[in-house]
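Raw contents of final25.txt, compact mmCIF, C-alpha atoms and all ligand atoms:
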# COMPACT_ATOMS: atom_id res chain seq x y z
CA MET Q 14 -24.73 -4.35 -22.29
CA GLN Q 15 -25.77 -1.48 -24.48
CA MET Q 16 -27.07 -1.97 -28.02
CA THR Q 17 -25.56 0.56 -30.38
CA MET Q 18 -25.43 1.44 -34.05
CA ARG Q 19 -22.54 2.79 -36.05
CA TRP Q 20 -23.18 6.21 -37.58
CA PHE Q 21 -20.60 7.91 -39.77
CA GLY Q 22 -21.62 11.52 -39.13
CA THR Q 23 -23.60 14.25 -40.83
CA GLY Q 24 -22.95 14.24 -44.57
CA HIS Q 25 -21.22 10.86 -44.46
CA ASP Q 26 -24.13 8.50 -43.90
CA SER Q 27 -27.47 7.78 -45.58
CA VAL Q 28 -28.90 6.81 -42.20
CA THR Q 29 -29.99 9.55 -39.79
CA LEU Q 30 -29.80 9.67 -36.01
CA GLU Q 31 -33.57 10.16 -35.97
CA GLN Q 32 -34.00 6.82 -37.72
CA ILE Q 33 -31.60 5.08 -35.35
CA ARG Q 34 -33.50 6.53 -32.39
CA GLN Q 35 -36.57 4.56 -33.51
CA ILE Q 36 -34.89 1.14 -33.48
CA PRO Q 37 -36.13 -0.55 -30.33
CA GLY Q 38 -33.44 -1.02 -27.71
CA VAL Q 39 -30.72 0.95 -29.50
CA THR Q 40 -29.50 3.75 -27.24
CA GLY Q 41 -25.87 4.28 -28.16
CA ILE Q 42 -23.98 5.58 -31.16
CA ILE Q 43 -20.57 4.49 -32.33
CA THR Q 44 -19.10 7.25 -34.42
CA THR Q 45 -15.99 9.15 -35.40
CA LEU Q 46 -14.68 12.37 -36.84
CA PHE Q 47 -14.83 10.93 -40.32
CA ASP Q 48 -12.62 13.54 -42.00
CA LYS Q 49 -9.65 13.04 -39.69
CA LEU Q 50 -6.71 11.31 -41.27
CA PRO Q 51 -4.71 8.84 -39.21
CA GLY Q 52 -2.09 10.75 -37.20
CA GLU Q 53 -4.13 13.98 -37.05
CA LEU Q 54 -5.01 15.73 -33.84
CA TRP Q 55 -8.64 15.64 -32.64
CA LYS Q 56 -9.78 19.00 -31.32
CA LYS Q 57 -11.99 19.59 -28.33
CA ASP Q 58 -14.57 21.76 -30.09
CA GLU Q 59 -14.95 19.15 -32.86
CA VAL Q 60 -15.54 16.35 -30.37
CA LEU Q 61 -17.96 18.41 -28.32
CA ALA Q 62 -19.91 19.35 -31.47
CA LEU Q 63 -20.17 15.67 -32.44
CA LYS Q 64 -21.33 14.79 -28.95
CA LYS Q 65 -23.98 17.51 -29.02
CA THR Q 66 -25.32 16.34 -32.39
CA VAL Q 67 -25.75 12.81 -31.06
CA GLU Q 68 -27.23 13.91 -27.74
CA ASP Q 69 -29.64 16.36 -29.37
CA ALA Q 70 -31.09 13.31 -31.15
CA GLY Q 71 -31.76 11.59 -27.82
CA LEU Q 72 -28.83 9.19 -28.08
CA SER Q 73 -25.37 9.04 -26.54
CA ILE Q 74 -21.90 8.32 -27.84
CA ALA Q 75 -20.98 4.83 -26.62
CA GLY Q 76 -17.58 4.82 -28.25
CA ILE Q 77 -15.40 6.03 -31.08
CA GLU Q 78 -14.72 3.79 -34.06
CA SER Q 79 -12.09 4.56 -34.99
CA VAL Q 80 -9.30 6.81 -33.92
CA ASN Q 81 -7.17 5.40 -36.70
CA ILE Q 82 -3.52 4.57 -36.29
CA SER Q 83 -1.17 6.09 -38.84
CA ASP Q 84 1.12 4.05 -41.03
CA ALA Q 85 4.04 5.81 -39.32
CA ILE Q 86 2.97 4.31 -36.00
CA LYS Q 87 2.37 0.89 -37.53
CA THR Q 88 5.73 0.84 -39.28
CA GLY Q 89 7.73 2.77 -36.67
CA SER Q 90 8.88 5.39 -39.16
CA ALA Q 91 10.24 8.88 -38.39
CA GLU Q 92 6.89 10.56 -37.73
CA ARG Q 93 5.80 7.92 -35.22
CA ASP Q 94 6.44 9.87 -32.02
CA GLN Q 95 4.68 12.95 -33.28
CA HIS Q 96 1.65 10.90 -34.30
CA ILE Q 97 1.61 9.14 -30.92
CA GLU Q 98 1.73 12.54 -29.26
CA HIS Q 99 -1.32 13.55 -31.34
CA TYR Q 100 -3.03 10.29 -30.39
CA ILE Q 101 -2.46 10.92 -26.70
CA ARG Q 102 -3.80 14.46 -26.97
CA SER Q 103 -6.80 13.18 -28.91
CA LEU Q 104 -7.50 10.63 -26.15
CA GLU Q 105 -7.31 13.44 -23.59
CA VAL Q 106 -9.90 15.38 -25.54
CA LEU Q 107 -12.16 12.30 -25.72
CA GLY Q 108 -11.68 11.56 -22.03
CA GLU Q 109 -12.55 15.13 -21.11
CA ALA Q 110 -15.69 14.83 -23.24
CA GLY Q 111 -16.71 11.75 -21.22
CA ILE Q 112 -16.00 9.19 -23.96
CA HIS Q 113 -14.45 5.99 -22.61
CA LEU Q 114 -14.15 3.56 -25.52
CA VAL Q 115 -11.91 3.72 -28.58
CA CYS Q 116 -11.81 1.09 -31.33
CA TYR Q 117 -8.77 0.93 -33.62
CA ASN Q 118 -6.98 -1.55 -35.83
CA PHE Q 119 -3.41 -2.38 -36.65
CA MET Q 120 -3.85 -3.67 -40.20
CA PRO Q 121 -1.13 -2.70 -42.69
CA VAL Q 122 -2.25 -0.54 -45.66
CA PHE Q 123 -5.79 -1.87 -46.08
CA ASP Q 124 -8.44 -2.07 -43.41
CA TRP Q 125 -11.20 -4.73 -43.90
CA THR Q 126 -10.97 -6.19 -47.40
CA ARG Q 127 -13.69 -7.56 -49.67
CA THR Q 128 -13.79 -8.40 -53.36
CA GLU Q 129 -17.50 -7.67 -53.82
CA LEU Q 130 -19.61 -5.10 -52.01
CA ALA Q 131 -22.91 -6.14 -53.58
CA ARG Q 132 -22.94 -9.88 -54.23
CA LYS Q 133 -26.47 -10.93 -55.09
CA ARG Q 134 -27.99 -13.58 -52.85
CA SER Q 135 -30.80 -15.95 -53.83
CA ASP Q 136 -33.40 -13.85 -51.96
CA GLY Q 137 -32.49 -10.76 -54.02
CA SER Q 138 -30.58 -9.00 -51.24
CA THR Q 139 -26.96 -8.02 -51.81
CA THR Q 140 -24.04 -8.35 -49.46
CA LEU Q 141 -20.31 -7.96 -49.00
CA ALA Q 142 -18.25 -10.97 -50.04
CA TYR Q 143 -14.69 -12.18 -50.34
CA ASN Q 144 -13.17 -14.55 -52.82
CA GLN Q 145 -9.52 -15.45 -52.49
CA MET Q 146 -9.16 -16.40 -56.17
CA MET Q 147 -10.32 -12.92 -57.15
CA ILE Q 148 -7.91 -11.32 -54.67
CA ASP Q 149 -5.06 -13.34 -56.12
CA LYS Q 150 -5.83 -11.86 -59.55
CA ILE Q 151 -6.12 -8.22 -58.42
CA ASP Q 152 -3.10 -5.94 -58.58
CA PRO Q 153 -3.04 -4.40 -55.06
CA ASN Q 154 -2.56 -0.99 -56.70
CA ASP Q 155 -6.05 -1.38 -58.17
CA MET Q 156 -7.62 -2.37 -54.87
CA SER Q 157 -8.83 1.10 -53.89
CA SER Q 158 -10.64 1.49 -57.22
CA VAL Q 159 -12.13 -2.02 -56.84
CA ILE Q 160 -13.63 -0.79 -53.57
CA SER Q 161 -14.57 2.76 -54.56
CA GLU Q 162 -16.30 1.64 -57.78
CA GLN Q 163 -18.71 -0.45 -55.71
CA SER Q 164 -19.21 1.93 -52.83
CA ASN Q 165 -22.43 3.71 -53.97
CA GLY Q 166 -20.45 6.97 -54.00
CA TYR Q 167 -19.50 6.87 -50.32
CA VAL Q 168 -15.99 6.93 -48.88
CA LEU Q 169 -15.64 3.77 -46.85
CA ALA Q 170 -14.12 3.76 -43.38
CA GLY Q 171 -10.47 2.80 -43.51
CA TRP Q 172 -10.28 3.43 -47.27
CA GLU Q 173 -9.24 7.09 -47.15
CA PRO Q 174 -8.54 8.19 -50.75
CA GLU Q 175 -5.85 10.67 -49.56
CA ARG Q 176 -3.85 7.87 -47.95
CA LEU Q 177 -4.45 5.23 -50.60
CA ALA Q 178 -3.44 7.59 -53.41
CA LYS Q 179 0.12 6.79 -52.33
CA LEU Q 180 -0.22 3.00 -52.40
CA LYS Q 181 3.25 2.38 -53.83
CA GLU Q 182 4.82 4.39 -51.00
CA LEU Q 183 2.67 2.59 -48.47
CA PHE Q 184 3.69 -0.83 -49.72
CA ALA Q 185 7.33 0.29 -49.60
CA MET Q 186 6.90 1.38 -45.96
CA TYR Q 187 5.71 -2.10 -44.99
CA LYS Q 188 8.30 -3.97 -47.07
CA ASP Q 189 10.33 -5.13 -44.05
CA ILE Q 190 7.53 -5.23 -41.52
CA ASP Q 191 7.15 -8.80 -40.40
CA GLU Q 192 5.04 -10.12 -37.52
CA GLU Q 193 7.70 -9.46 -34.94
CA LYS Q 194 8.16 -5.83 -35.98
CA LEU Q 195 4.45 -5.19 -36.19
CA PHE Q 196 3.96 -6.60 -32.69
CA ALA Q 197 6.90 -4.51 -31.43
CA ASN Q 198 5.38 -1.35 -32.94
CA LEU Q 199 2.02 -2.18 -31.41
CA LYS Q 200 3.66 -2.63 -28.03
CA TYR Q 201 5.50 0.69 -28.37
CA PHE Q 202 2.20 2.42 -29.16
CA LEU Q 203 0.26 0.73 -26.36
CA GLU Q 204 2.89 1.47 -23.75
CA ALA Q 205 2.88 5.11 -24.75
CA ILE Q 206 -0.88 5.53 -24.49
CA MET Q 207 -1.63 3.42 -21.38
CA PRO Q 208 -1.05 6.29 -18.90
CA VAL Q 209 -3.59 8.55 -20.62
CA CYS Q 210 -6.07 5.66 -20.83
CA GLU Q 211 -5.61 5.07 -17.13
CA LYS Q 212 -6.03 8.73 -16.31
CA TYR Q 213 -9.28 9.11 -18.28
CA ASP Q 214 -10.55 5.54 -17.93
CA ILE Q 215 -10.49 4.90 -21.68
CA ASN Q 216 -10.80 1.34 -22.90
CA MET Q 217 -8.85 0.66 -26.06
CA ALA Q 218 -10.40 -2.09 -28.17
CA ILE Q 219 -8.34 -3.42 -31.06
CA HIS Q 220 -10.31 -4.68 -34.04
CA PRO Q 221 -9.22 -8.05 -35.42
CA ASP Q 222 -7.90 -8.28 -38.95
CA ASP Q 223 -10.55 -8.82 -41.59
CA PRO Q 224 -10.15 -11.28 -43.21
CA ALA Q 225 -8.09 -12.99 -40.53
CA TRP Q 226 -5.10 -13.70 -42.72
CA SER Q 227 -2.46 -11.94 -44.71
CA VAL Q 228 -3.72 -10.21 -47.85
CA PHE Q 229 -1.45 -9.13 -50.73
CA GLY Q 230 1.56 -10.37 -48.78
CA LEU Q 231 1.02 -7.76 -46.04
CA THR Q 232 1.58 -9.02 -42.52
CA ARG Q 233 -1.52 -9.30 -40.35
CA ILE Q 234 -1.26 -10.11 -36.68
CA MET Q 235 -4.70 -9.92 -35.05
CA THR Q 236 -6.10 -13.10 -36.49
CA GLY Q 237 -7.16 -15.45 -33.69
CA LYS Q 238 -6.93 -16.58 -30.10
CA ASP Q 239 -3.15 -16.83 -29.79
CA SER Q 240 -2.45 -13.41 -31.24
CA LEU Q 241 -5.20 -11.76 -29.20
CA LEU Q 242 -3.84 -13.31 -26.01
CA LYS Q 243 -0.36 -12.17 -26.98
CA LEU Q 244 -1.70 -8.66 -27.42
CA MET Q 245 -3.15 -8.72 -23.88
CA LYS Q 246 0.34 -9.28 -22.53
CA LEU Q 247 1.97 -6.53 -24.61
CA ALA Q 248 0.52 -4.07 -22.13
CA ASP Q 249 -1.05 -6.02 -19.31
CA LYS Q 250 -3.61 -3.46 -18.25
CA PRO Q 251 -7.41 -3.68 -18.33
CA PHE Q 252 -7.48 -0.70 -20.74
CA ASN Q 253 -5.69 -2.76 -23.39
CA GLY Q 254 -8.58 -4.76 -24.76
CA VAL Q 255 -10.38 -6.09 -27.79
CA THR Q 256 -13.30 -5.47 -30.11
CA LEU Q 257 -14.78 -8.93 -30.44
CA CYS Q 258 -15.71 -8.86 -34.11
CA THR Q 259 -17.38 -12.15 -34.99
CA GLY Q 260 -17.50 -11.37 -38.70
CA SER Q 261 -13.73 -10.83 -38.83
CA LEU Q 262 -12.65 -13.69 -36.59
CA GLY Q 263 -15.32 -15.83 -38.23
CA THR Q 264 -13.68 -15.50 -41.66
CA ASN Q 265 -11.42 -18.29 -40.49
CA PRO Q 266 -13.54 -21.36 -39.70
CA GLN Q 267 -10.76 -22.56 -37.37
CA ASN Q 268 -11.47 -19.71 -34.96
CA ASP Q 269 -13.68 -20.99 -32.15
CA ILE Q 270 -15.34 -17.71 -31.19
CA PRO Q 271 -17.08 -18.79 -27.94
CA ASP Q 272 -13.72 -20.17 -26.79
CA ILE Q 273 -11.96 -16.90 -27.73
CA ILE Q 274 -14.58 -14.99 -25.71
CA LYS Q 275 -13.96 -17.24 -22.72
CA SER Q 276 -10.20 -16.73 -22.97
CA LEU Q 277 -10.36 -12.95 -23.29
CA GLY Q 278 -13.02 -12.45 -20.61
CA SER Q 279 -13.09 -8.94 -19.20
CA ARG Q 280 -10.66 -7.66 -21.84
CA ILE Q 281 -13.49 -7.59 -24.39
CA HIS Q 282 -14.63 -3.98 -24.34
CA PHE Q 283 -16.78 -3.86 -27.43
CA ALA Q 284 -18.53 -6.40 -29.65
CA HIS Q 285 -19.36 -6.40 -33.36
CA LEU Q 286 -21.87 -9.18 -33.83
CA ARG Q 287 -22.74 -10.51 -37.25
CA ASN Q 288 -22.77 -13.77 -39.12
CA VAL Q 289 -20.72 -14.95 -42.06
CA ARG Q 290 -21.42 -17.75 -44.50
CA HIS Q 291 -18.62 -19.95 -45.81
CA ASN Q 292 -19.52 -21.16 -49.27
CA ARG Q 293 -16.30 -23.04 -49.98
CA PRO Q 294 -12.66 -22.65 -48.91
CA GLY Q 295 -11.55 -19.12 -49.75
CA ASP Q 296 -15.06 -17.81 -50.39
CA PHE Q 297 -17.38 -16.26 -47.84
CA GLU Q 298 -20.18 -13.74 -47.74
CA GLU Q 299 -21.80 -11.70 -45.00
CA SER Q 300 -25.13 -13.35 -44.27
CA ALA Q 301 -28.08 -12.08 -42.26
CA HIS Q 302 -27.42 -12.11 -38.51
CA LEU Q 303 -29.45 -15.25 -37.76
CA SER Q 304 -27.51 -18.42 -36.98
CA SER Q 305 -29.57 -20.29 -39.58
CA ASP Q 306 -28.39 -18.01 -42.40
CA GLY Q 307 -24.65 -18.31 -41.85
CA SER Q 308 -21.89 -20.51 -40.49
CA LEU Q 309 -21.65 -19.06 -36.98
CA ASP Q 310 -23.71 -20.08 -33.97
CA MET Q 311 -24.86 -16.65 -32.84
CA TYR Q 312 -26.66 -18.07 -29.81
CA ALA Q 313 -23.43 -19.68 -28.57
CA ILE Q 314 -21.54 -16.43 -29.19
CA VAL Q 315 -24.03 -14.21 -27.36
CA LYS Q 316 -24.23 -16.73 -24.54
CA ALA Q 317 -20.44 -16.81 -24.18
CA LEU Q 318 -20.41 -13.01 -24.05
CA TYR Q 319 -23.18 -12.95 -21.45
CA ASP Q 320 -21.48 -15.66 -19.38
CA SER Q 321 -18.17 -13.76 -19.50
CA GLY Q 322 -19.85 -10.84 -17.71
CA PHE Q 323 -19.64 -8.61 -20.79
CA ASP Q 324 -21.08 -5.20 -20.06
CA GLY Q 325 -19.98 -3.04 -22.98
CA PRO Q 326 -21.55 -1.85 -26.22
CA ILE Q 327 -22.59 -4.27 -28.94
CA ARG Q 328 -23.30 -3.22 -32.47
CA PRO Q 329 -24.97 -5.39 -35.09
CA ASP Q 330 -22.05 -4.52 -37.36
CA HIS Q 331 -22.75 -4.99 -41.07
CA GLY Q 332 -26.03 -5.83 -42.70
CA ARG Q 333 -27.13 -6.86 -46.18
CA ALA Q 334 -28.69 -4.34 -48.56
CA ILE Q 335 -32.42 -5.11 -48.58
CA TRP Q 336 -35.73 -3.52 -49.63
CA GLY Q 337 -34.02 -1.36 -52.25
CA GLU Q 338 -32.07 0.70 -49.75
CA ALA Q 339 -29.09 2.63 -51.17
CA ALA Q 340 -26.55 3.09 -48.41
CA ILE Q 341 -22.92 2.63 -47.53
CA PRO Q 342 -22.23 -1.02 -48.34
CA GLY Q 343 -22.74 -2.99 -45.12
CA TYR Q 344 -24.23 -0.02 -43.29
CA GLY Q 345 -27.82 0.32 -44.39
CA LEU Q 346 -30.52 0.90 -41.81
CA TYR Q 347 -32.90 -1.99 -42.41
CA ASP Q 348 -30.83 -5.13 -42.04
CA ARG Q 349 -28.82 -3.73 -39.15
CA ALA Q 350 -32.09 -2.86 -37.38
CA ILE Q 351 -33.35 -6.42 -37.89
CA GLY Q 352 -29.98 -7.71 -36.68
CA SER Q 353 -30.04 -5.64 -33.52
CA ALA Q 354 -33.57 -6.81 -32.66
CA TYR Q 355 -32.46 -10.43 -33.10
CA LEU Q 356 -29.36 -9.92 -30.94
CA LEU Q 357 -31.41 -8.17 -28.26
CA GLY Q 358 -33.82 -11.10 -28.35
CA LEU Q 359 -31.00 -13.59 -27.87
CA TRP Q 360 -29.63 -11.51 -25.00
CA GLU Q 361 -33.01 -11.25 -23.27
CA ALA Q 362 -33.66 -15.00 -23.55
CA ILE Q 363 -30.19 -15.87 -22.26
CA LYS Q 364 -30.47 -13.38 -19.43
CA LYS Q 365 -33.88 -14.60 -18.31
CA ALA Q 366 -32.74 -18.22 -18.42
CA SER Q 367 -29.77 -17.52 -16.15
CA PRO Q 368 -29.89 -14.17 -14.36
CA ARG Q 369 -26.53 -12.80 -13.26
CA THR Q 370 -26.27 -12.79 -9.54
C1 LIG A 401 -15.61 -2.33 -41.25
C2 LIG A 401 -15.15 -2.11 -39.88
C3 LIG A 401 -13.69 -1.75 -39.81
C4 LIG A 401 -13.35 -1.26 -38.43
C5 LIG A 401 -11.91 -0.86 -38.24
C6 LIG A 401 -11.61 -0.52 -36.82
O1 LIG A 401 -16.76 -2.24 -41.51
O2 LIG A 401 -15.47 -3.15 -39.05
O3 LIG A 401 -13.42 -0.74 -40.74
O4 LIG A 401 -14.11 -0.13 -38.14
O5 LIG A 401 -11.06 -1.86 -38.66
O6 LIG A 401 -10.53 0.33 -36.74
Written as structure tokens, how would this file's structure read?
Amino acid sequence: MQMTMRWFGTGHDSVTLEQIRQIPGVTGIITTLFDKLPGELWKKDEVLALKKTVEDAGLSIAGIESVNISDAIKTGSAERDQHIEHYIRSLEVLGEAGIHLVCYNFMPVFDWTRTELARKRSDGSTTLAYNQMMIDKIDPNDMSSVISEQSNGYVLAGWEPERLAKLKELFAMYKDIDEEKLFANLKYFLEAIMPVCEKYDINMAIHPDDPAWSVFGLTRIMTGKDSLLKLMKLADKPFNGVTLCTGSLGTNPQNDIPDIIKSLGSRIHFAHLRNVRHNRPGDFEESAHLSSDGSLDMYAIVKALYDSGFDGPIRPDHGRAIWGEAAIPGYGLYDRAIGSAYLLGLWEAIKKASPRT
């Protein structure tokens, strides 16, 4: 297991690599070429420059989050094959640079969705939250401004203004995309990229849908145990795996995360560990990482991961905004640093109680 921190790149993040370097136990960076649009080709010199920046700070790249999937690939439209070709060439470039983990998602139109990016909690911290009643009142065409108005001036991952400027077109592209078609398009994509993953030993780790249900009538397929197990079979290779995101799967209280971990076993290549607090049906907020602050049993989750033999990167995922920090919502330094120390503590205790043989 390697503890990591997400970093969005020079000029895109309020947190520096030098700060991350000082968090005890964090050795890896999860990053991306932030300016790349889905479908674009990643170039070797760009990847090598990113790698050098991270390594010059005494850290290493543990994985890429994300190489995003274009809407053409998700919907199977005319440009799909060209975009898949770009994806394959981008994976080659990553493989040649010694990067072996890629996180991606297959969510239509919107990536992770929240209604509030700074909901005030009783202790004065703020956090990301979701309220279904608010979503039901929002015109989806206004969704990108709902997000950008609360984003402290940052562009948020998955909310590329260039792409979302054409929301009407995007919704039209997905008009006939039901679960079956989305699964078929995912299969087509996975089958096409498996050979390059095999050649360069690249683990693909799909990110579950967040929240784990359909939003604005758009189909979502990565929502729980059954769909994740179905995904495993779409391309039954070890390289076709999952990002175990507890905050996303945990949006649905029906998802038994330790059981999902047990079922997926060695196909979990990456873990996003954070807690979520369910206030009432249809309303949740991202709590501090501790079990006592949210609705998830983080000890049971970390134990299930440890028991499954998990050996990949973990990141503390989102944190609350605390101590007056102004950062990308969910991605400040302080609460994620506290979260990683807590997760490392859980891991150490679990490991010492039952050493792997
Ligand atoms: C949000 C993230 C997601 C995630 C993508 C993966 O903070 O967890 O944006 O990176 O869905 O492609």
Go through the chains and note each residue within 7 Å of ligand LIG 401 (chain A), using only C-alpha atoms and all ligand atoms, then give the set as a CSV table (one decimal) with C-alpha atoms, keeping the file's coordinate frame.
chain,number,residue,atom,x,y,z
Q,78,GLU,CA,-14.7,3.8,-34.1
Q,79,SER,CA,-12.1,4.6,-35.0
Q,81,ASN,CA,-7.2,5.4,-36.7
Q,116,CYS,CA,-11.8,1.1,-31.3
Q,117,TYR,CA,-8.8,0.9,-33.6
Q,118,ASN,CA,-7.0,-1.6,-35.8
Q,124,ASP,CA,-8.4,-2.1,-43.4
Q,125,TRP,CA,-11.2,-4.7,-43.9
Q,170,ALA,CA,-14.1,3.8,-43.4
Q,171,GLY,CA,-10.5,2.8,-43.5
Q,220,HIS,CA,-10.3,-4.7,-34.0
Q,330,ASP,CA,-22.0,-4.5,-37.4
Q,331,HIS,CA,-22.8,-5.0,-41.1
inquiry  = Report as number ranges by chain all protein, DNA and RNA residues lying within 8 Å of Q:Arg34, evaluated on all atoms listed in the file, omitting residues in the same chain fewer than 5 positions from it.
reply    = Q: 39-40, 70-72
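Nearest-residue note for Q:Asp214: choosing from Q:Lys275, Q:His285, Q:His113, Q:Lys194, the minimum distance belongs to Q:His113, counting all atoms listed in the file.
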TODO: Write out as a ChimeraX atom specification the residues lying within 10 Å of Q:Asp26, counting all atoms listed in the file and excluding same-chain residues fewer than 3 positions away.
DONE: /Q:19-23,29-30,167-168,340-341,344-345
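What separates atom CA of Q:Leu104 from atom CA of Q:Phe184 is a distance of 28.5 Å.
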For Q:Leu107, please output as a ChimeraX atom specification all residues within 12 Å (counting all atoms listed in the file; exclusion window: fewer than 3 positions along the same chain). /Q:45-46,54-64,74-77,80,100-104,110-115,209-210,212-216
